[in-house]
>>> print(open('structure-v9.txt').read())   # compact mmCIF, C-alpha atoms
# COMPACT_ATOMS: atom_id res chain seq x y z
CA MET A 1 13.12 -5.50 -20.98
CA SER A 2 12.51 -4.09 -17.53
CA THR A 3 14.80 -4.92 -14.64
CA VAL A 4 13.52 -7.77 -12.47
CA LEU A 5 15.01 -8.62 -9.07
CA HIS A 6 14.69 -12.08 -7.53
CA LEU A 7 15.33 -12.47 -3.79
CA HIS A 8 15.35 -15.68 -1.74
CA ALA A 9 15.75 -16.56 1.94
CA THR A 10 14.90 -19.90 3.58
CA GLU A 11 11.29 -20.64 2.51
CA TYR A 12 10.52 -17.16 1.11
CA ALA A 13 10.90 -15.82 -2.42
CA LEU A 14 10.29 -12.29 -3.66
CA THR A 15 10.21 -10.81 -7.17
CA LEU A 16 10.53 -7.03 -7.60
CA HIS A 17 9.85 -4.84 -10.61
CA PRO A 18 11.59 -1.54 -9.76
CA GLU A 19 10.82 0.06 -13.11
CA ILE A 20 7.10 -0.74 -12.77
CA GLY A 21 6.39 1.67 -9.95
CA GLY A 22 8.63 -0.10 -7.45
CA SER A 23 6.18 -3.01 -7.43
CA ILE A 24 6.27 -6.48 -5.95
CA GLY A 25 5.51 -8.98 -8.69
CA ARG A 26 5.33 -12.07 -6.51
CA PHE A 27 5.88 -13.03 -2.87
CA THR A 28 5.70 -16.66 -1.76
CA TRP A 29 6.29 -18.84 1.28
CA ARG A 30 6.73 -22.56 0.69
CA HIS A 31 5.55 -21.82 -2.86
CA VAL A 32 2.23 -20.44 -1.55
CA ASP A 33 1.36 -16.99 -2.90
CA LEU A 34 1.04 -14.50 -0.04
CA LEU A 35 0.21 -11.69 -2.48
CA ARG A 36 -1.68 -11.73 -5.75
CA PRO A 37 0.89 -12.72 -8.39
CA MET A 38 1.45 -10.17 -11.14
CA GLY A 39 0.30 -11.49 -14.51
CA ASP A 40 2.22 -11.37 -17.76
CA ALA A 41 -0.15 -8.79 -19.26
CA ALA A 42 0.40 -6.36 -16.37
CA ILE A 43 4.16 -6.84 -16.62
CA ALA A 44 4.14 -6.27 -20.38
CA ALA A 45 2.00 -3.15 -19.97
CA LYS A 46 4.12 -1.97 -17.02
CA ASN A 47 0.87 -1.63 -15.07
CA SER A 48 1.60 -1.48 -11.35
CA GLU A 49 -2.13 -1.75 -10.58
CA GLY A 50 -1.80 -5.38 -11.62
CA ALA A 51 1.07 -6.03 -9.19
CA GLY A 52 1.09 -7.90 -5.91
CA CYS A 53 1.90 -4.67 -4.09
CA PHE A 54 2.90 -1.13 -4.98
CA PRO A 55 4.17 1.77 -2.85
CA LEU A 56 2.29 4.91 -1.89
CA PHE A 57 4.51 8.06 -2.10
CA PRO A 58 4.24 10.91 -1.20
CA PHE A 59 0.75 10.26 0.18
CA SER A 60 -1.80 7.50 0.50
CA ASN A 61 -5.17 7.26 -1.20
CA ARG A 62 -6.97 10.30 -2.67
CA ILE A 63 -6.67 14.08 -2.59
CA ARG A 64 -9.95 15.72 -3.52
CA HIS A 65 -9.76 17.17 -7.05
CA GLY A 66 -5.97 17.26 -6.73
CA HIS A 67 -6.08 20.42 -4.64
CA PHE A 68 -5.02 21.35 -1.12
CA ARG A 69 -3.64 24.37 0.69
CA PHE A 70 -0.35 24.10 2.58
CA ASP A 71 1.99 26.62 4.16
CA GLY A 72 0.02 29.54 2.70
CA ARG A 73 0.00 28.17 -0.85
CA ASP A 74 -2.64 26.54 -3.01
CA ILE A 75 -1.29 23.28 -4.42
CA TYR A 76 -2.78 21.81 -7.60
CA LEU A 77 -1.80 18.32 -8.70
CA PRO A 78 -2.51 16.79 -12.12
CA LEU A 79 -5.13 14.04 -12.06
CA ASN A 80 -3.53 10.65 -12.60
CA THR A 81 -6.16 7.91 -12.91
CA GLY A 82 -8.93 9.26 -15.11
CA GLY A 83 -11.10 9.93 -12.07
CA PRO A 84 -11.96 13.24 -10.38
CA HIS A 85 -9.27 12.95 -7.69
CA VAL A 86 -5.52 12.33 -7.51
CA GLU A 87 -4.84 8.83 -6.21
CA HIS A 88 -1.92 7.23 -4.35
CA GLY A 89 0.69 9.89 -5.13
CA HIS A 90 3.08 9.31 -8.02
CA GLY A 91 5.61 6.73 -6.79
CA TRP A 92 3.54 3.87 -8.16
CA GLN A 93 3.51 5.41 -11.64
CA ARG A 94 7.21 6.05 -12.13
CA PRO A 95 10.34 3.89 -12.38
CA TRP A 96 12.55 3.31 -9.34
CA ASP A 97 16.31 2.86 -9.55
CA VAL A 98 18.16 -0.13 -8.11
CA ILE A 99 20.55 1.14 -5.45
CA SER A 100 21.83 -2.19 -4.13
CA GLN A 101 21.00 -5.88 -4.22
CA ASP A 102 22.21 -9.19 -2.86
CA ALA A 103 20.62 -12.64 -2.62
CA ALA A 104 18.13 -11.71 0.10
CA SER A 105 17.82 -7.93 0.02
CA ALA A 106 17.49 -4.94 -2.30
CA THR A 107 17.16 -1.19 -1.99
CA ILE A 108 15.44 0.88 -4.66
CA GLY A 109 14.65 4.58 -4.85
CA PHE A 110 14.09 7.73 -6.87
CA THR A 111 14.74 11.44 -6.56
CA HIS A 112 11.87 13.74 -7.42
CA ASP A 113 12.71 17.10 -8.99
CA PRO A 114 9.61 19.32 -9.37
CA ALA A 115 11.39 21.39 -12.02
CA LYS A 116 11.37 18.32 -14.27
CA ASP A 117 8.20 16.58 -13.07
CA GLY A 118 5.05 18.51 -12.26
CA THR A 119 3.25 15.72 -10.44
CA TRP A 120 4.40 17.07 -7.03
CA PRO A 121 5.77 20.55 -6.23
CA PHE A 122 8.29 19.48 -3.56
CA ALA A 123 11.75 18.00 -4.05
CA TYR A 124 12.36 14.78 -2.14
CA ARG A 125 14.11 11.43 -2.16
CA ALA A 126 12.23 8.14 -1.67
CA GLU A 127 13.69 4.73 -0.93
CA MET A 128 12.42 1.26 -0.12
CA CYS A 129 14.61 -1.44 1.39
CA PHE A 130 13.39 -5.05 1.07
CA VAL A 131 14.95 -7.66 3.36
CA LEU A 132 14.05 -11.34 3.33
CA SER A 133 15.00 -13.64 6.21
CA GLU A 134 13.70 -16.68 8.03
CA ASN A 135 11.33 -14.23 9.74
CA GLY A 136 9.73 -13.12 6.49
CA LEU A 137 9.85 -9.85 4.58
CA ALA A 138 10.64 -6.42 6.03
CA VAL A 139 10.01 -3.36 3.85
CA THR A 140 11.44 -0.07 5.13
CA LEU A 141 9.98 3.04 3.50
CA SER A 142 12.12 6.19 3.70
CA ALA A 143 11.93 9.76 2.47
CA GLU A 144 14.00 12.93 2.74
CA ASN A 145 12.80 16.45 2.02
CA LEU A 146 15.39 17.87 -0.41
CA GLY A 147 13.74 21.26 -0.76
CA GLU A 148 14.01 24.55 1.08
CA ARG A 149 10.39 24.53 2.33
CA THR A 150 8.45 22.23 4.59
CA MET A 151 6.69 19.40 2.75
CA PRO A 152 3.47 17.54 3.56
CA PHE A 153 4.02 13.82 3.33
CA GLY A 154 2.48 10.40 3.75
CA CYS A 155 3.27 6.89 2.59
CA GLY A 156 2.39 3.23 2.87
CA LEU A 157 2.00 0.02 0.94
CA HIS A 158 -0.88 -1.19 -1.22
CA PRO A 159 -0.74 -5.00 -1.05
CA TYR A 160 -3.23 -7.24 -2.89
CA PHE A 161 -3.90 -10.42 -0.93
CA PRO A 162 -5.49 -13.57 -2.41
CA ARG A 163 -9.21 -13.61 -1.64
CA THR A 164 -10.29 -17.20 -1.14
CA PRO A 165 -13.70 -18.49 0.01
CA GLN A 166 -12.39 -18.86 3.58
CA SER A 167 -9.90 -15.98 3.81
CA GLN A 168 -10.25 -13.88 6.95
CA LEU A 169 -8.72 -10.64 8.23
CA THR A 170 -8.38 -9.62 11.88
CA ALA A 171 -6.88 -6.32 13.09
CA GLN A 172 -7.10 -4.10 16.14
CA VAL A 173 -8.66 -0.78 15.07
CA SER A 174 -10.65 1.87 16.91
CA GLY A 175 -12.27 4.14 14.31
CA PHE A 176 -13.72 4.29 10.82
CA TRP A 177 -14.19 6.94 8.13
CA GLU A 178 -17.54 6.94 6.40
CA THR A 179 -17.35 8.05 2.77
CA ASP A 180 -19.39 9.62 0.01
CA ALA A 181 -20.11 8.15 -3.42
CA GLU A 182 -16.61 9.17 -4.57
CA VAL A 183 -14.95 7.28 -1.68
CA MET A 184 -13.97 10.54 0.03
CA PRO A 185 -14.20 10.84 3.83
CA THR A 186 -17.29 12.45 5.32
CA ARG A 187 -17.49 11.51 9.00
CA HIS A 188 -15.25 9.78 11.55
CA VAL A 189 -17.18 7.23 13.64
CA GLY A 190 -16.66 4.11 15.68
CA VAL A 191 -16.02 0.83 13.91
CA PRO A 192 -19.33 -0.47 12.51
CA VAL A 193 -20.50 -3.77 13.96
CA THR A 194 -20.80 -5.25 10.47
CA LEU A 195 -17.17 -4.34 9.70
CA ASP A 196 -15.56 -5.06 13.04
CA LEU A 197 -12.05 -6.14 12.17
CA ASN A 198 -11.30 -6.61 15.86
CA ARG A 199 -13.49 -9.72 15.81
CA GLY A 200 -12.29 -10.89 12.41
CA LEU A 201 -14.05 -10.64 9.06
CA ALA A 202 -14.50 -13.15 6.27
CA MET A 203 -13.30 -11.42 3.13
CA GLN A 204 -15.83 -13.25 0.97
CA ASP A 205 -18.77 -11.71 2.85
CA ILE A 206 -18.15 -7.95 2.60
CA VAL A 207 -17.73 -5.06 0.17
CA VAL A 208 -15.81 -2.09 1.57
CA ASP A 209 -13.41 0.71 0.59
CA ASN A 210 -12.74 2.69 3.77
CA VAL A 211 -10.04 3.82 6.18
CA PHE A 212 -9.90 2.27 9.65
CA THR A 213 -8.11 4.45 12.19
CA GLY A 214 -6.30 3.60 15.41
CA PHE A 215 -4.60 0.65 13.73
CA ALA A 216 -2.50 -0.96 16.46
CA GLY A 217 0.06 -2.22 13.97
CA VAL A 218 -0.77 -5.92 13.69
CA ALA A 219 -3.16 -7.61 11.27
CA GLU A 220 -3.70 -11.35 10.87
CA ILE A 221 -4.73 -12.94 7.58
CA ALA A 222 -5.76 -16.58 7.38
CA TRP A 223 -6.25 -18.85 4.37
CA PRO A 224 -7.59 -22.09 5.92
CA GLU A 225 -7.79 -23.83 2.54
CA GLN A 226 -4.01 -23.56 2.29
CA ALA A 227 -3.31 -24.09 6.00
CA THR A 228 -1.44 -20.78 5.83
CA ALA A 229 -1.60 -17.57 7.84
CA LEU A 230 0.21 -14.25 7.60
CA THR A 231 1.01 -11.61 10.20
CA LEU A 232 1.23 -8.08 8.80
CA SER A 233 2.93 -5.79 11.30
CA ALA A 234 3.66 -2.09 10.92
CA ASP A 235 5.58 0.55 12.83
CA PRO A 236 3.48 3.16 14.72
CA ALA A 237 3.87 5.66 11.84
CA PHE A 238 1.36 3.53 9.92
CA ALA A 239 -1.64 4.11 12.18
CA GLN A 240 -4.31 3.76 9.50
CA LEU A 241 -5.45 0.63 7.69
CA VAL A 242 -7.25 0.98 4.37
CA LEU A 243 -9.45 -2.01 3.59
CA TYR A 244 -10.60 -2.49 0.02
CA VAL A 245 -12.74 -5.52 -0.73
CA PRO A 246 -14.43 -5.16 -4.14
CA ASP A 247 -17.76 -6.60 -5.11
CA LEU A 248 -17.07 -9.94 -6.73
CA ALA A 249 -19.27 -8.89 -9.64
CA THR A 250 -16.83 -6.08 -10.46
CA GLN A 251 -14.04 -8.65 -10.71
CA ALA A 252 -15.99 -11.06 -12.88
CA THR A 253 -14.30 -10.11 -16.16
CA GLU A 254 -10.81 -10.29 -14.66
CA MET A 255 -11.54 -13.61 -12.96
CA ALA A 256 -12.99 -15.04 -16.17
CA ALA A 257 -9.64 -14.28 -17.79
CA GLY A 258 -7.86 -16.18 -15.05
CA ALA A 259 -6.96 -13.34 -12.67
CA PRO A 260 -7.31 -14.23 -8.98
CA SER A 261 -9.78 -12.55 -6.67
CA TYR A 262 -8.18 -10.23 -4.13
CA PHE A 263 -8.63 -7.86 -1.21
CA CYS A 264 -6.37 -5.04 -0.07
CA ALA A 265 -5.34 -4.31 3.52
CA GLU A 266 -3.07 -1.28 3.30
CA PRO A 267 -0.99 -0.02 6.25
CA VAL A 268 -0.60 3.72 5.64
CA SER A 269 0.39 6.85 7.51
CA ASN A 270 -2.45 9.16 6.46
CA ILE A 271 -6.19 9.01 5.95
CA THR A 272 -7.80 9.74 2.60
CA ASP A 273 -7.60 13.44 1.66
CA ALA A 274 -5.44 14.04 4.73
CA PHE A 275 -4.03 17.33 3.47
CA ASN A 276 -7.55 18.82 3.35
CA GLN A 277 -8.89 17.37 6.60
CA MET A 278 -8.74 18.66 10.16
CA GLY A 279 -7.66 16.86 13.32
CA GLU A 280 -5.69 13.62 13.47
CA THR A 281 -5.21 12.94 9.78
CA GLY A 282 -1.78 11.31 9.87
CA MET A 283 -0.26 14.02 7.70
CA ILE A 284 3.50 14.23 8.27
CA VAL A 285 5.33 17.53 7.83
CA LEU A 286 8.99 17.21 6.86
CA ALA A 287 11.26 20.18 7.38
CA PRO A 288 14.06 20.81 4.87
CA ARG A 289 16.51 17.87 5.01
CA GLU A 290 14.31 16.07 7.54
CA THR A 291 13.88 12.34 6.97
CA PHE A 292 11.17 9.75 7.56
CA SER A 293 11.71 6.01 7.94
CA ALA A 294 9.39 3.21 9.08
CA THR A 295 8.97 -0.51 8.42
CA ILE A 296 6.19 -2.92 7.47
CA ARG A 297 6.73 -6.66 7.95
CA PHE A 298 5.13 -9.81 6.52
CA ASN A 299 5.59 -13.12 8.36
CA ALA A 300 3.95 -16.38 7.23
CA ARG A 301 3.29 -19.48 9.28
CA GLU A 302 1.30 -22.68 9.24
CA GLY A 303 -2.36 -22.02 9.90
CA ARG A 304 -5.29 -24.20 10.78
CA GLY A 305 -6.52 -26.02 7.71
CA SER A 306 -10.11 -26.13 6.51
>>> encode(input="structure-v9.txt", output="structure tokens")
Amino acid sequence: MSTVLHLHATEYALTLHPEIGGSIGRFTWRHVDLLRPMGDAAIAAKNSEGAGCFPLFPFSNRIRHGHFRFDGRDIYLPLNTGGPHVEHGHGWQRPWDVISQDAASATIGFTHDPAKDGTWPFAYRAEMCFVLSENGLAVTLSAENLGERTMPFGCGLHPYFPRTPQSQLTAQVSGFWETDAEVMPTRHVGVPVTLDLNRGLAMQDIVVDNVFTGFAGVAEIAWPEQATALTLSADPAFAQLVLYVPDLATQATEMAAGAPSYFCAEPVSNITDAFNQMGETGMIVLAPRETFSATIRFNAREGRGS
């Protein structure tokens, strides 16, 4: 049996599955699910893609064909999802160790040694600290470069939010990456009128899988049917917001089996394929022994009912 951590504080409850990619299995407020609950089949299969949220280390989203050039070297990464590109790094596909835990908090982490694991050629340490309080959930993502060379880096969270007929997302953003058929960035433009998160978007009405740039760090999610709302706030390091809202038809089989519909609003540090792009990509460069640390917060409240 995998280790499962249960945290509680006031009206919040959190379930963590460290050995399943450091995933959140369930997160509730007043017994209302704020994230898609992880089903028994996903838990049994140790499938973090079925979780409520999983971490993105040591980069967010895709790297084209698993190749980039950094510090005078060509880097080749093994493909990890069956597609043509490497996706989401490797933190979501490996077990995390429990470092500490009490009733309302837990810290988990792992140390990556490239001599033993060829998924990433740089040695580093990753940690996540989860803290529940009356103010909600704070998740601090940290990393330290353990190697002797500089390391490219990025991180973030990949939460799956319940997609209800009236769910809506609002966020202050300033730019948008258009993509090709393989969801790789092609051109940076202004936010399209039809996808203007600044004005708020009904999640039932759109299909999108793109990076919004200039994320000001606060997103509001409303579920009027449940008279519940959530504020997602992120430190300035997470200046990109990936929005993934699948076509409902693609979810039909899952939903027929009882799985809930969802959308993803992912606060991340880097754009898709950041290590191959030019300009403001959000790529972080960590010097030997340099550390990174930043926090993402989730705070629920009563919202206007339908």
>>> closest_residue(input="structure-v9.txt", among="A:Arg289, A:Arg297, A:Arg73, A:His67", to="Val218 in chain A", atoms="all atoms listed in the file")
A:Arg297
>>> residues_near_point(input="structure-v9.txt", point="(6.7, 2.5, -4.9)", cutoff="10 Å", atoms="only C-alpha atoms", output="count of residues only")
35
>>> atom_distance(input="structure-v9.txt", atom1="CA of Thr295 in chain A", atom2="CA of Asn80 in chain A")
26.9 Å
>>> axis_aligned_box(input="structure-v9.txt", around="range 139-148 of chain A", padding_each_side="4 Å", output="JSON")
{"center_x": 12.7, "center_y": 10.6, "center_z": 2.2, "size_x": 13.4, "size_y": 35.9, "size_z": 13.9}
>>> closest_residue(input="structure-v9.txt", among="A:Ala265, A:Asp273, A:Asp71, A:Leu197", to="Thr150 in chain A", atoms="only C-alpha atoms")
A:Asp71
>>> closest_residue(input="structure-v9.txt", among="A:Gln226, A:Asn145, A:Gln251, A:Gln240", to="Ser174 in chain A", atoms="only C-alpha atoms")
A:Gln240
>>> closest_residue(input="structure-v9.txt", among="A:Ala115, A:Ala294, A:Met184, A:Ala229", to="Val139 in chain A", atoms="all atoms listed in the file")
A:Ala294
>>> residues_around(input="structure-v9.txt", residues="Leu230 in chain A", least_positions_apart="6", cutoff="12 Å", atoms="only C-alpha atoms", output="PyMOL selection string")
chain A and resi 27-29+32-35+135-137+161-162+167-171+218-224+297-304
>>> residues_around(input="structure-v9.txt", residues="Gly66 in chain A", least_positions_apart="2", cutoff="8 Å", atoms="all atoms listed in the file", output="count of residues only")
10
>>> closest_residue(input="structure-v9.txt", among="A:Thr272, A:Thr164, A:Gln172, A:Asn210", to="Glu225 in chain A", atoms="only C-alpha atoms")
A:Thr164
>>> closest_residue(input="structure-v9.txt", among="A:Ser60, A:Gln277, A:Ser100, A:Thr228", to="Phe153 in chain A", atoms="only C-alpha atoms")
A:Ser60
>>> atom_distance(input="structure-v9.txt", atom1="CA of Tyr244 in chain A", atom2="CA of Ser105 in chain A")
28.9 Å
>>> atom_distance(input="structure-v9.txt", atom1="CA of Pro84 in chain A", atom2="CA of Leu243 in chain A")
20.8 Å
>>> residues_near_point(input="structure-v9.txt", point="(-7.0, 6.5, 8.5)", cutoff="10 Å", atoms="only C-alpha atoms", output="mmCIF file with C-alpha atoms, keeping the file's coordinate frame")
data_model
loop_
_atom_site.group_PDB
_atom_site.id
_atom_site.type_symbol
_atom_site.label_atom_id
_atom_site.label_comp_id
_atom_site.auth_asym_id
_atom_site.auth_seq_id
_atom_site.Cartn_x
_atom_site.Cartn_y
_atom_site.Cartn_z
ATOM 1 C CA SER A 60 -1.800 7.500 0.500
ATOM 2 C CA ASN A 61 -5.170 7.260 -1.200
ATOM 3 C CA VAL A 173 -8.660 -0.780 15.070
ATOM 4 C CA GLY A 175 -12.270 4.140 14.310
ATOM 5 C CA PHE A 176 -13.720 4.290 10.820
ATOM 6 C CA TRP A 177 -14.190 6.940 8.130
ATOM 7 C CA PRO A 185 -14.200 10.840 3.830
ATOM 8 C CA HIS A 188 -15.250 9.780 11.550
ATOM 9 C CA ASN A 210 -12.740 2.690 3.770
ATOM 10 C CA VAL A 211 -10.040 3.820 6.180
ATOM 11 C CA PHE A 212 -9.900 2.270 9.650
ATOM 12 C CA THR A 213 -8.110 4.450 12.190
ATOM 13 C CA GLY A 214 -6.300 3.600 15.410
ATOM 14 C CA PHE A 215 -4.600 0.650 13.730
ATOM 15 C CA PHE A 238 1.360 3.530 9.920
ATOM 16 C CA ALA A 239 -1.640 4.110 12.180
ATOM 17 C CA GLN A 240 -4.310 3.760 9.500
ATOM 18 C CA LEU A 241 -5.450 0.630 7.690
ATOM 19 C CA VAL A 242 -7.250 0.980 4.370
ATOM 20 C CA PRO A 267 -0.990 -0.020 6.250
ATOM 21 C CA VAL A 268 -0.600 3.720 5.640
ATOM 22 C CA SER A 269 0.390 6.850 7.510
ATOM 23 C CA ASN A 270 -2.450 9.160 6.460
ATOM 24 C CA ILE A 271 -6.190 9.010 5.950
ATOM 25 C CA THR A 272 -7.800 9.740 2.600
ATOM 26 C CA ASP A 273 -7.600 13.440 1.660
ATOM 27 C CA ALA A 274 -5.440 14.040 4.730
ATOM 28 C CA GLU A 280 -5.690 13.620 13.470
ATOM 29 C CA THR A 281 -5.210 12.940 9.780
ATOM 30 C CA GLY A 282 -1.780 11.310 9.870
#
>>> residues_around(input="structure-v9.txt", residues="Phe122 in chain A", least_positions_apart="2", cutoff="10 Å", atoms="all atoms listed in the file", output="VMD selection string")
chain A and resid 58 112 to 115 117 to 120 124 145 to 153
